[in-house]
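Next up, protein_35.txt (compact mmCIF, C-alpha atoms and all ligand atoms):
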# COMPACT_ATOMS: atom_id res chain seq x y z
CA MET L 12 0.00 0.00 0.00
CA LYS L 13 1.41 3.37 -1.00
CA ILE L 14 1.20 5.79 1.92
CA VAL L 15 1.66 9.55 1.66
CA HIS L 16 1.89 11.78 4.73
CA GLY L 17 1.03 15.41 3.98
CA TYR L 18 1.24 17.99 6.75
CA PHE L 19 0.69 21.71 7.16
CA SER L 20 2.53 23.02 10.20
CA PRO L 21 3.60 26.68 10.40
CA ASN L 22 4.88 26.30 13.95
CA GLY L 23 5.99 22.66 14.06
CA GLU L 24 3.50 20.96 16.43
CA THR L 25 1.47 19.21 13.72
CA LYS L 26 4.72 18.12 12.10
CA LYS L 27 5.62 16.19 15.29
CA ILE L 28 2.44 14.11 14.98
CA ALA L 29 2.90 13.60 11.23
CA ASN L 30 6.40 12.31 12.00
CA ILE L 31 5.09 9.79 14.56
CA PHE L 32 2.88 8.24 11.85
CA TYR L 33 5.62 8.45 9.23
CA ASP L 34 8.18 6.74 11.49
CA GLU L 35 5.80 3.85 12.17
CA LEU L 36 4.16 3.44 8.75
CA GLY L 37 6.84 4.62 6.30
CA GLY L 38 5.91 6.00 2.88
CA LYS L 39 6.46 9.51 1.55
CA LEU L 40 6.49 12.58 3.79
CA ILE L 41 5.37 15.87 2.24
CA ASP L 42 5.57 19.25 3.93
CA LEU L 43 2.63 21.28 2.67
CA THR L 44 3.44 24.34 4.76
CA TYR L 45 4.92 26.35 1.90
CA PRO L 46 3.10 27.69 -1.19
CA GLN L 47 5.36 26.04 -3.78
CA SER L 48 5.05 22.66 -2.10
CA ARG L 49 1.25 22.89 -2.20
CA VAL L 50 1.50 23.48 -5.95
CA ASP L 51 4.09 20.72 -6.52
CA HIS L 52 2.15 18.09 -4.58
CA ARG L 53 -1.36 18.68 -5.80
CA ARG L 54 -1.83 15.37 -7.51
CA VAL L 55 0.17 12.74 -5.70
CA ASN L 56 -0.82 9.13 -6.05
CA ALA L 57 -1.46 7.23 -2.86
CA ASP L 58 -3.61 4.41 -1.57
CA LEU L 59 -3.69 5.98 1.87
CA TYR L 60 -3.16 9.68 2.55
CA ILE L 61 -2.37 10.68 6.12
CA LEU L 62 -3.32 14.32 6.38
CA SER L 63 -2.08 16.31 9.38
CA LEU L 64 -3.23 19.88 9.91
CA PRO L 65 -4.04 22.41 12.64
CA VAL L 66 -7.34 24.12 13.42
CA TYR L 67 -7.33 27.85 12.69
CA SER L 68 -10.28 29.87 14.01
CA GLN L 69 -12.42 26.72 14.15
CA ASN L 70 -11.71 26.20 10.49
CA ILE L 71 -9.38 24.52 8.00
CA PRO L 72 -6.38 26.86 7.57
CA ARG L 73 -7.15 28.96 4.47
CA PRO L 74 -4.14 27.84 2.35
CA LEU L 75 -5.21 24.21 2.66
CA ARG L 76 -8.87 24.50 1.73
CA LYS L 77 -8.40 24.49 -2.03
CA PHE L 78 -5.57 22.00 -1.79
CA LEU L 79 -7.77 19.32 -0.18
CA ILE L 80 -9.93 19.10 -3.30
CA HIS L 81 -6.92 17.72 -5.18
CA ILE L 82 -6.31 14.75 -2.88
CA LYS L 83 -7.17 11.72 -4.95
CA ALA L 84 -6.30 8.87 -2.57
CA PRO L 85 -9.15 6.42 -1.95
CA PHE L 86 -8.49 6.44 1.81
CA VAL L 87 -7.60 9.34 4.08
CA PHE L 88 -6.68 9.38 7.77
CA ILE L 89 -6.78 12.77 9.50
CA ASN L 90 -4.56 14.06 12.31
CA LEU L 91 -6.05 17.31 13.53
CA THR L 92 -4.22 19.50 16.05
CA TYR L 93 -5.64 22.40 17.99
CA GLY L 94 -4.74 24.68 20.86
CA GLY L 95 -7.02 22.85 23.29
CA PHE L 96 -9.89 25.34 23.02
CA SER L 97 -12.22 24.26 20.25
CA TYR L 98 -11.89 22.39 16.98
CA GLY L 99 -15.44 23.23 15.91
CA ASN L 100 -16.73 21.30 12.94
CA VAL L 101 -13.39 21.04 11.17
CA LEU L 102 -13.38 17.25 10.69
CA PHE L 103 -16.74 17.42 8.94
CA LYS L 104 -15.52 20.32 6.78
CA ILE L 105 -12.40 18.38 5.76
CA LYS L 106 -14.50 15.36 4.81
CA LYS L 107 -16.67 17.58 2.60
CA GLN L 108 -13.61 19.07 0.87
CA LEU L 109 -12.05 15.68 0.20
CA ARG L 110 -14.71 14.63 -2.30
CA VAL L 111 -13.44 11.29 -3.64
CA SER L 112 -11.67 9.93 -0.55
CA ARG L 113 -13.12 7.92 2.28
CA VAL L 114 -12.08 8.93 5.80
CA VAL L 115 -10.93 5.81 7.68
CA GLY L 116 -10.07 7.39 11.02
CA TYR L 117 -8.81 10.46 12.81
CA THR L 118 -7.06 11.83 15.85
CA VAL L 119 -7.68 15.22 17.43
CA SER L 120 -4.76 16.36 19.57
CA PRO L 121 -4.35 19.38 21.81
CA VAL L 122 -0.86 20.78 21.20
CA LYS L 123 1.07 23.93 22.11
CA HIS L 124 -1.00 26.89 20.94
CA ALA L 125 0.98 29.13 18.59
CA TYR L 126 -0.05 32.17 20.66
CA ILE L 127 0.75 30.77 24.09
CA ASP L 128 4.16 30.36 25.60
CA GLN L 129 3.75 26.88 27.05
CA ASN L 130 5.53 23.56 27.19
CA LEU L 131 3.37 20.63 26.15
CA THR L 132 4.74 17.19 25.41
CA ILE L 133 3.02 14.91 22.93
CA ASP L 134 2.33 11.43 24.29
CA LYS L 135 3.22 9.09 21.41
CA SER L 136 1.29 6.19 22.92
CA ALA L 137 -2.01 8.03 22.29
CA PHE L 138 -1.56 7.12 18.60
CA ASP L 139 -0.76 3.41 19.06
CA SER L 140 -4.28 2.14 18.31
CA SER L 141 -4.58 4.29 15.16
CA ILE L 142 -1.21 3.14 13.87
CA LYS L 143 -2.09 -0.52 14.55
CA LYS L 144 -5.38 -0.07 12.70
CA LEU L 145 -3.61 1.42 9.68
CA GLN L 146 -0.96 -1.30 9.75
CA SER L 147 -3.67 -3.96 9.61
CA ASN L 148 -4.61 -2.74 6.10
CA ILE L 149 -8.31 -3.22 6.91
CA LEU L 150 -9.59 0.22 6.06
CA GLU L 151 -13.23 1.04 6.55
CA GLU L 152 -14.98 4.36 6.17
CA ILE L 153 -16.06 5.95 9.43
CA HIS L 154 -18.90 8.35 10.08
CA ILE L 155 -17.93 11.92 10.97
CA PRO L 156 -20.81 13.56 12.79
CA TYR L 157 -21.67 17.22 12.34
CA ARG L 158 -20.50 19.21 15.38
CA PHE L 159 -21.52 22.60 16.64
CA ASN L 160 -19.61 25.34 14.91
CA HIS L 161 -19.39 28.83 16.34
CA ILE L 162 -21.78 30.89 14.20
CA PHE L 163 -19.01 33.34 13.33
CA ALA L 164 -16.48 30.63 12.42
CA SER L 165 -17.13 31.04 8.71
CA LEU L 166 -18.26 34.67 8.65
CA PHE L 167 -15.99 37.68 8.16
CA GLU L 168 -13.09 35.38 8.86
CA LYS L 169 -10.32 37.67 7.64
CA SER L 170 -11.62 40.85 9.22
CA ARG L 171 -12.30 39.12 12.54
CA THR L 172 -8.74 37.80 12.69
CA ARG L 173 -7.28 41.15 11.68
CA HIS L 174 -9.26 42.85 14.41
CA LYS L 175 -7.95 40.44 17.05
CA PHE L 176 -4.37 40.14 15.86
CA LYS L 177 -1.97 42.64 14.30
CA LEU L 178 1.63 42.30 13.16
CA ASN L 179 4.06 45.19 13.54
CA VAL L 180 7.32 45.42 11.63
CA ASN L 181 10.10 47.60 12.99
CA LEU L 182 12.11 48.40 9.88
CA ASN L 183 14.89 50.00 11.95
CA MET L 184 15.61 46.60 13.47
CA CYS L 185 15.24 44.64 10.20
CA THR L 186 18.55 43.58 8.59
CA GLN L 187 16.89 42.41 5.35
CA CYS L 188 17.95 38.80 5.96
CA ASN L 189 14.73 37.73 4.18
CA ILE L 190 14.15 34.76 6.51
CA CYS L 191 10.57 35.90 7.17
CA ILE L 192 9.92 36.17 3.42
CA LYS L 193 11.20 32.63 2.79
CA GLU L 194 9.47 31.13 5.81
CA CYS L 195 6.02 32.68 5.41
CA PRO L 196 3.54 29.81 4.74
CA THR L 197 1.41 32.03 2.53
CA GLY L 198 4.06 34.12 0.76
CA SER L 199 2.50 37.19 2.38
CA ILE L 200 5.66 39.20 3.12
CA THR L 201 6.98 41.49 0.39
CA GLN L 202 10.63 42.45 -0.26
CA SER L 203 9.97 45.72 1.59
CA ILE L 204 8.61 43.65 4.55
CA LYS L 205 5.02 44.67 4.04
CA ILE L 206 2.47 42.14 5.30
CA LEU L 207 -0.13 41.35 2.67
CA ASP L 208 -3.80 40.62 3.12
CA SER L 209 -3.25 36.91 2.53
CA CYS L 210 -1.50 36.63 5.94
CA ILE L 211 -3.13 33.92 8.09
CA SER L 212 -1.80 35.29 11.43
CA CYS L 213 0.14 32.09 12.17
CA GLU L 214 2.87 34.18 13.85
CA HIS L 215 5.64 32.10 12.30
CA CYS L 216 7.44 35.26 11.11
CA VAL L 217 7.48 36.54 14.70
CA HIS L 218 9.18 33.33 15.85
CA VAL L 219 11.77 33.12 13.06
CA CYS L 220 12.91 36.75 12.88
CA PRO L 221 16.45 36.72 14.37
CA GLU L 222 16.26 40.45 15.16
CA ASN L 223 12.82 40.42 16.81
CA ALA L 224 11.82 43.04 14.27
CA ILE L 225 8.34 41.53 13.86
CA THR L 226 6.03 41.55 16.84
CA SER L 227 2.36 40.75 17.28
CA LYS L 228 -0.32 42.65 19.11
CA LYS L 229 -3.35 40.73 20.38
CA SER L 230 -6.64 42.32 21.27
CA PHE L 231 -7.93 42.33 24.83
CA LEU L 232 -10.64 39.83 23.84
CA LEU L 233 -8.15 37.41 22.30
CA LYS L 234 -5.86 37.63 25.33
CA HIS L 235 -8.85 36.92 27.54
CA TYR L 236 -9.88 33.94 25.36
CA LEU L 237 -6.38 32.48 25.57
CA LYS L 238 -6.65 32.33 29.35
CA LYS L 239 -9.45 29.75 29.18
CA ASN L 240 -8.79 26.18 30.30
CA GLN L 241 -7.33 24.05 27.53
CA LYS L 242 -8.36 20.46 26.91
CA THR L 243 -5.59 17.93 27.26
CA SER L 244 -6.81 14.55 26.00
CA VAL L 245 -6.34 13.15 22.52
CA ILE L 246 -9.48 11.93 20.71
CA VAL L 247 -8.96 8.82 18.62
CA ARG L 248 -11.37 7.22 16.20
C1 LIG J 301 -4.61 31.94 13.47
C2 LIG J 301 -4.78 30.84 14.47
C3 LIG J 301 -6.05 30.40 14.82
C4 LIG J 301 -6.22 29.38 15.77
N1 LIG J 301 -7.47 28.96 16.09
C5 LIG J 301 -7.65 28.00 17.02
C6 LIG J 301 -8.96 27.58 17.39
O1 LIG J 301 -9.98 28.00 16.85
N2 LIG J 301 -9.07 26.65 18.39
C7 LIG J 301 -7.98 26.13 19.02
O2 LIG J 301 -8.16 25.32 19.93
N3 LIG J 301 -6.72 26.47 18.64
C8 LIG J 301 -6.53 27.39 17.66
N4 LIG J 301 -5.26 27.75 17.27
C9 LIG J 301 -4.12 27.02 17.79
C10 LIG J 301 -3.59 26.08 16.73
O3 LIG J 301 -4.54 25.11 16.35
C11 LIG J 301 -2.32 25.44 17.23
O4 LIG J 301 -1.44 26.46 17.53
C12 LIG J 301 -1.81 24.54 16.12
O5 LIG J 301 -2.15 23.25 16.34
C13 LIG J 301 -0.38 24.69 15.91
O6 LIG J 301 -0.03 23.95 14.76
P1 LIG J 301 1.46 24.06 14.19
O7 LIG J 301 2.39 24.22 15.39
O8 LIG J 301 1.66 22.77 13.50
O9 LIG J 301 1.49 25.25 13.29
C14 LIG J 301 -5.07 28.77 16.36
C15 LIG J 301 -3.79 29.21 16.00
C16 LIG J 301 -3.63 30.23 15.08
C17 LIG J 301 -2.23 30.66 14.72
Would you mind writing the file's structure down as C-alpha cells?
Amino acid sequence: MKIVHGYFSPNGETKKIANIFYDELGGKLIDLTYPQSRVDHRRVNADLYILSLPVYSQNIPRPLRKFLIHIKAPFVFINLTYGGFSYGNVLFKIKKQLRVSRVVGYTVSPVKHAYIDQNLTIDKSAFDSSIKKLQSNILEEIHIPYRFNHIFASLFEKSRTRHKFKLNVNLNMCTQCNICIKECPTGSITQSIKILDSCISCEHCVHVCPENAITSKKSFLLKHYLKKNQKTSVIVR
C-alpha cells in the first residue's frame, strides 16, 4: 500500500504528529506548509493519505482549503491538532472538501498553541491504536458527525482575525535577511517587509525573525480567550 503523509505546520506541532505516523508506517512525507510545495504536490498518487493539519479559528487553515480538493487517494486518515480550546466542525468540513476519498479514522490532539508560551509534550502512545489499525490494512470508512460550529467561524473570517491580531514590523531593526519572506507559509511578506492581506496570522514570522523586528499585538478579547482552560486529551477514532 502506498502511503503519503502530507502535513501543514507553520509552527511545528502538527509536524511532530505527522512524524510519529511516518516513522511507524513509512511512505512519503510531504511538507505542505509552503506555497510552492502545495503546488508541486497537488496530484500525488497514494492508496492511503495521512493528512495532518491544525485548526485555525475553528476552520481549516485557508491555504489548505483548495488543496484538499486535489487529494485523490481512496483512503484518508486525519490528524487534527488544535490549541485545546475548540476544533469546531473542522473534521466534517475536511470530509466535505475531500470529495473522492473515504475517511478511515482520525485523531484530534491538543498541542502547544501558537499564541501561548507553554511547554506541552506529545504522548506518542495516544496514537498506538490508530497506527495498529492502519498497519492492519483493513480500512473502513467511518462516520464523521456534524459538530456545533461557532456561528461566526465562517463569517468575516479575515476581518475578525485582523481585528484580534496585528503584526508590527520595525524596519529600523530589520537587517533584510529575508528569513521571514522565505518562511512565510502564505508568501505574504513582500521584499519591503510589508504584510499582505493573505497573511493567516500564524505568527511564524514573529518566531523566526532573528532580530525580533516583527512583533504581534493581540486584542484584549483574544488575550482573555487564551486564558481559558485548555483540553488535554487526545481523541482517537
Ligand atoms: C490563526 C490561528 C487560529 C487558531 N485557532 C484555534 C482555534 O480556533 N481553536 C484552538 O483550539 N486552537 C486554535 N489555534 C491554535 C492552533 O490550532 C495550534 O497552535 C496549532 O495546532 C499549531 O499547529 P502548528 O504548530 O503545527 O502550526 C489557532 C492558532 C492560530 C495561529
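When CA of Phe159 (chain L) is paired with CA of Thr197 (chain L), their separation reads 28.5 Å.
Closest approach to ligand LIG 301 (chain J) among L:His215, L:Lys135, L:Arg110, L:His174 is made by L:His215 (distances from all atoms listed in the file).
Interatomic distance, CA of Arg171 (chain L) to CA of Pro21 (chain L): 20.3 Å.
The coordinates place CA of Thr172 (chain L) at 8.2 Å from CA of Ser68 (chain L).
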Counting all atoms listed in the file, which protein, DNA or RNA residues come within 7 Å of ligand LIG 301 (chain J), given as a CSV table (one decimal) with C-alpha atoms, in the coordinates of the input?
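This went into pocket-v3.csv:
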chain,number,residue,atom,x,y,z
L,19,PHE,CA,0.7,21.7,7.2
L,20,SER,CA,2.5,23.0,10.2
L,21,PRO,CA,3.6,26.7,10.4
L,22,ASN,CA,4.9,26.3,14.0
L,23,GLY,CA,6.0,22.7,14.1
L,24,GLU,CA,3.5,21.0,16.4
L,25,THR,CA,1.5,19.2,13.7
L,26,LYS,CA,4.7,18.1,12.1
L,64,LEU,CA,-3.2,19.9,9.9
L,65,PRO,CA,-4.0,22.4,12.6
L,66,VAL,CA,-7.3,24.1,13.4
L,67,TYR,CA,-7.3,27.8,12.7
L,68,SER,CA,-10.3,29.9,14.0
L,69,GLN,CA,-12.4,26.7,14.2
L,70,ASN,CA,-11.7,26.2,10.5
L,92,THR,CA,-4.2,19.5,16.0
L,93,TYR,CA,-5.6,22.4,18.0
L,94,GLY,CA,-4.7,24.7,20.9
L,95,GLY,CA,-7.0,22.8,23.3
L,96,PHE,CA,-9.9,25.3,23.0
L,97,SER,CA,-12.2,24.3,20.2
L,98,TYR,CA,-11.9,22.4,17.0
L,122,VAL,CA,-0.9,20.8,21.2
L,123,LYS,CA,1.1,23.9,22.1
L,124,HIS,CA,-1.0,26.9,20.9
L,125,ALA,CA,1.0,29.1,18.6
L,126,TYR,CA,0.0,32.2,20.7
L,211,ILE,CA,-3.1,33.9,8.1
L,212,SER,CA,-1.8,35.3,11.4
L,213,CYS,CA,0.1,32.1,12.2
L,214,GLU,CA,2.9,34.2,13.8
* Asked: Near Phe231 (chain L), counting only C-alpha atoms, which residues have an atom at most 12 Å away, once you skip same-chain residues fewer than 5 positions from it, shown as a list in words?
  -> His174, Lys175, Phe176, Tyr236, Leu237 and Lys238 of chain L
* To do: Mind checking which residues fall within 7 Å of Val15 (chain L), counting all atoms listed in the file, ignoring those fewer than 3 positions away in the same chain, and posting them as a PyMOL selection string?
  => chain L and resi 38-40+57+59-61
Using the incomplete input, complete region 223-234 of chain L to the level of all heavy atoms; output as a PDB file, in the coordinates of the input.
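Output contents, as saved in part-v3.pdb:
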ATOM      1  N   ASN L 223      14.078  40.056  16.126  1.00  0.00           N
ATOM      2  CA  ASN L 223      12.820  40.420  16.810  1.00  0.00           C
ATOM      3  C   ASN L 223      12.201  41.691  16.224  1.00  0.00           C
ATOM      4  O   ASN L 223      11.634  42.515  16.952  1.00  0.00           O
ATOM      5  CB  ASN L 223      13.017  40.607  18.317  1.00  0.00           C
ATOM      6  CG  ASN L 223      13.471  39.325  18.986  1.00  0.00           C
ATOM      7  OD1 ASN L 223      12.997  38.244  18.626  1.00  0.00           O
ATOM      8  ND2 ASN L 223      14.403  39.421  19.905  1.00  0.00           N
ATOM      9  N   ALA L 224      12.346  41.831  14.917  1.00  0.00           N
ATOM     10  CA  ALA L 224      11.820  43.040  14.270  1.00  0.00           C
ATOM     11  C   ALA L 224      10.325  42.934  13.992  1.00  0.00           C
ATOM     12  O   ALA L 224       9.675  43.925  13.686  1.00  0.00           O
ATOM     13  CB  ALA L 224      12.573  43.294  12.965  1.00  0.00           C
ATOM     14  N   ILE L 225       9.786  41.695  14.068  1.00  0.00           N
ATOM     15  CA  ILE L 225       8.340  41.530  13.860  1.00  0.00           C
ATOM     16  C   ILE L 225       7.716  41.126  15.192  1.00  0.00           C
ATOM     17  O   ILE L 225       8.167  40.174  15.839  1.00  0.00           O
ATOM     18  CB  ILE L 225       8.023  40.464  12.782  1.00  0.00           C
ATOM     19  CG1 ILE L 225       8.840  40.719  11.505  1.00  0.00           C
ATOM     20  CG2 ILE L 225       6.529  40.460  12.451  1.00  0.00           C
ATOM     21  CD1 ILE L 225       8.600  39.744  10.380  1.00  0.00           C
ATOM     22  N   THR L 226       6.729  41.878  15.592  1.00  0.00           N
ATOM     23  CA  THR L 226       6.030  41.550  16.840  1.00  0.00           C
ATOM     24  C   THR L 226       4.532  41.483  16.566  1.00  0.00           C
ATOM     25  O   THR L 226       4.058  42.011  15.566  1.00  0.00           O
ATOM     26  CB  THR L 226       6.306  42.624  17.927  1.00  0.00           C
ATOM     27  OG1 THR L 226       6.037  43.905  17.350  1.00  0.00           O
ATOM     28  CG2 THR L 226       7.724  42.557  18.454  1.00  0.00           C
ATOM     29  N   SER L 227       3.810  40.832  17.481  1.00  0.00           N
ATOM     30  CA  SER L 227       2.360  40.750  17.280  1.00  0.00           C
ATOM     31  C   SER L 227       1.651  41.459  18.429  1.00  0.00           C
ATOM     32  O   SER L 227       2.167  41.515  19.548  1.00  0.00           O
ATOM     33  CB  SER L 227       1.915  39.289  17.225  1.00  0.00           C
ATOM     34  OG  SER L 227       2.106  38.685  18.471  1.00  0.00           O
ATOM     35  N   LYS L 228       0.494  41.983  18.092  1.00  0.00           N
ATOM     36  CA  LYS L 228      -0.320  42.650  19.110  1.00  0.00           C
ATOM     37  C   LYS L 228      -1.677  41.955  19.119  1.00  0.00           C
ATOM     38  O   LYS L 228      -2.323  41.855  18.067  1.00  0.00           O
ATOM     39  CB  LYS L 228      -0.468  44.123  18.746  1.00  0.00           C
ATOM     40  CG  LYS L 228      -0.969  44.960  19.887  1.00  0.00           C
ATOM     41  CD  LYS L 228      -0.759  46.448  19.583  1.00  0.00           C
ATOM     42  CE  LYS L 228      -1.151  47.309  20.752  1.00  0.00           C
ATOM     43  NZ  LYS L 228      -2.534  47.519  20.936  1.00  0.00           N
ATOM     44  N   LYS L 229      -2.063  41.445  20.284  1.00  0.00           N
ATOM     45  CA  LYS L 229      -3.350  40.730  20.380  1.00  0.00           C
ATOM     46  C   LYS L 229      -4.362  41.595  21.108  1.00  0.00           C
ATOM     47  O   LYS L 229      -4.010  42.289  22.057  1.00  0.00           O
ATOM     48  CB  LYS L 229      -3.152  39.403  21.097  1.00  0.00           C
ATOM     49  CG  LYS L 229      -2.208  38.490  20.328  1.00  0.00           C
ATOM     50  CD  LYS L 229      -1.809  37.267  21.083  1.00  0.00           C
ATOM     51  CE  LYS L 229      -0.790  36.485  20.274  1.00  0.00           C
ATOM     52  NZ  LYS L 229       0.594  36.856  20.558  1.00  0.00           N
ATOM     53  N   SER L 230      -5.588  41.512  20.658  1.00  0.00           N
ATOM     54  CA  SER L 230      -6.640  42.320  21.270  1.00  0.00           C
ATOM     55  C   SER L 230      -6.914  41.838  22.695  1.00  0.00           C
ATOM     56  O   SER L 230      -6.582  40.697  23.055  1.00  0.00           O
ATOM     57  CB  SER L 230      -7.926  42.234  20.447  1.00  0.00           C
ATOM     58  OG  SER L 230      -8.493  40.943  20.621  1.00  0.00           O
ATOM     59  N   PHE L 231      -7.563  42.685  23.451  1.00  0.00           N
ATOM     60  CA  PHE L 231      -7.930  42.330  24.830  1.00  0.00           C
ATOM     61  C   PHE L 231      -8.773  41.051  24.837  1.00  0.00           C
ATOM     62  O   PHE L 231      -8.557  40.144  25.624  1.00  0.00           O
ATOM     63  CB  PHE L 231      -8.705  43.502  25.465  1.00  0.00           C
ATOM     64  CG  PHE L 231      -9.269  43.164  26.811  1.00  0.00           C
ATOM     65  CD1 PHE L 231      -8.466  43.157  27.941  1.00  0.00           C
ATOM     66  CD2 PHE L 231     -10.618  42.823  26.937  1.00  0.00           C
ATOM     67  CE1 PHE L 231      -8.992  42.811  29.184  1.00  0.00           C
ATOM     68  CE2 PHE L 231     -11.145  42.475  28.170  1.00  0.00           C
ATOM     69  CZ  PHE L 231     -10.330  42.475  29.298  1.00  0.00           C
ATOM     70  N   LEU L 232      -9.731  40.988  23.896  1.00  0.00           N
ATOM     71  CA  LEU L 232     -10.640  39.830  23.840  1.00  0.00           C
ATOM     72  C   LEU L 232      -9.884  38.536  23.556  1.00  0.00           C
ATOM     73  O   LEU L 232     -10.160  37.499  24.153  1.00  0.00           O
ATOM     74  CB  LEU L 232     -11.694  40.041  22.754  1.00  0.00           C
ATOM     75  CG  LEU L 232     -12.915  40.841  23.156  1.00  0.00           C
ATOM     76  CD1 LEU L 232     -13.856  40.972  21.970  1.00  0.00           C
ATOM     77  CD2 LEU L 232     -13.638  40.161  24.329  1.00  0.00           C
ATOM     78  N   LEU L 233      -8.923  38.612  22.630  1.00  0.00           N
ATOM     79  CA  LEU L 233      -8.150  37.410  22.300  1.00  0.00           C
ATOM     80  C   LEU L 233      -7.301  36.985  23.505  1.00  0.00           C
ATOM     81  O   LEU L 233      -7.251  35.808  23.852  1.00  0.00           O
ATOM     82  CB  LEU L 233      -7.260  37.667  21.066  1.00  0.00           C
ATOM     83  CG  LEU L 233      -6.353  36.510  20.636  1.00  0.00           C
ATOM     84  CD1 LEU L 233      -7.153  35.242  20.346  1.00  0.00           C
ATOM     85  CD2 LEU L 233      -5.529  36.883  19.396  1.00  0.00           C
ATOM     86  N   LYS L 234      -6.682  37.960  24.156  1.00  0.00           N
ATOM     87  CA  LYS L 234      -5.860  37.630  25.330  1.00  0.00           C
ATOM     88  C   LYS L 234      -6.714  36.962  26.396  1.00  0.00           C
ATOM     89  O   LYS L 234      -6.297  36.004  27.050  1.00  0.00           O
ATOM     90  CB  LYS L 234      -5.218  38.902  25.893  1.00  0.00           C
ATOM     91  CG  LYS L 234      -4.022  39.366  25.102  1.00  0.00           C
ATOM     92  CD  LYS L 234      -3.339  40.461  25.894  1.00  0.00           C
ATOM     93  CE  LYS L 234      -2.609  41.407  24.988  1.00  0.00           C
ATOM     94  NZ  LYS L 234      -2.370  42.706  25.566  1.00  0.00           N
TER      95      LYS L 234
END
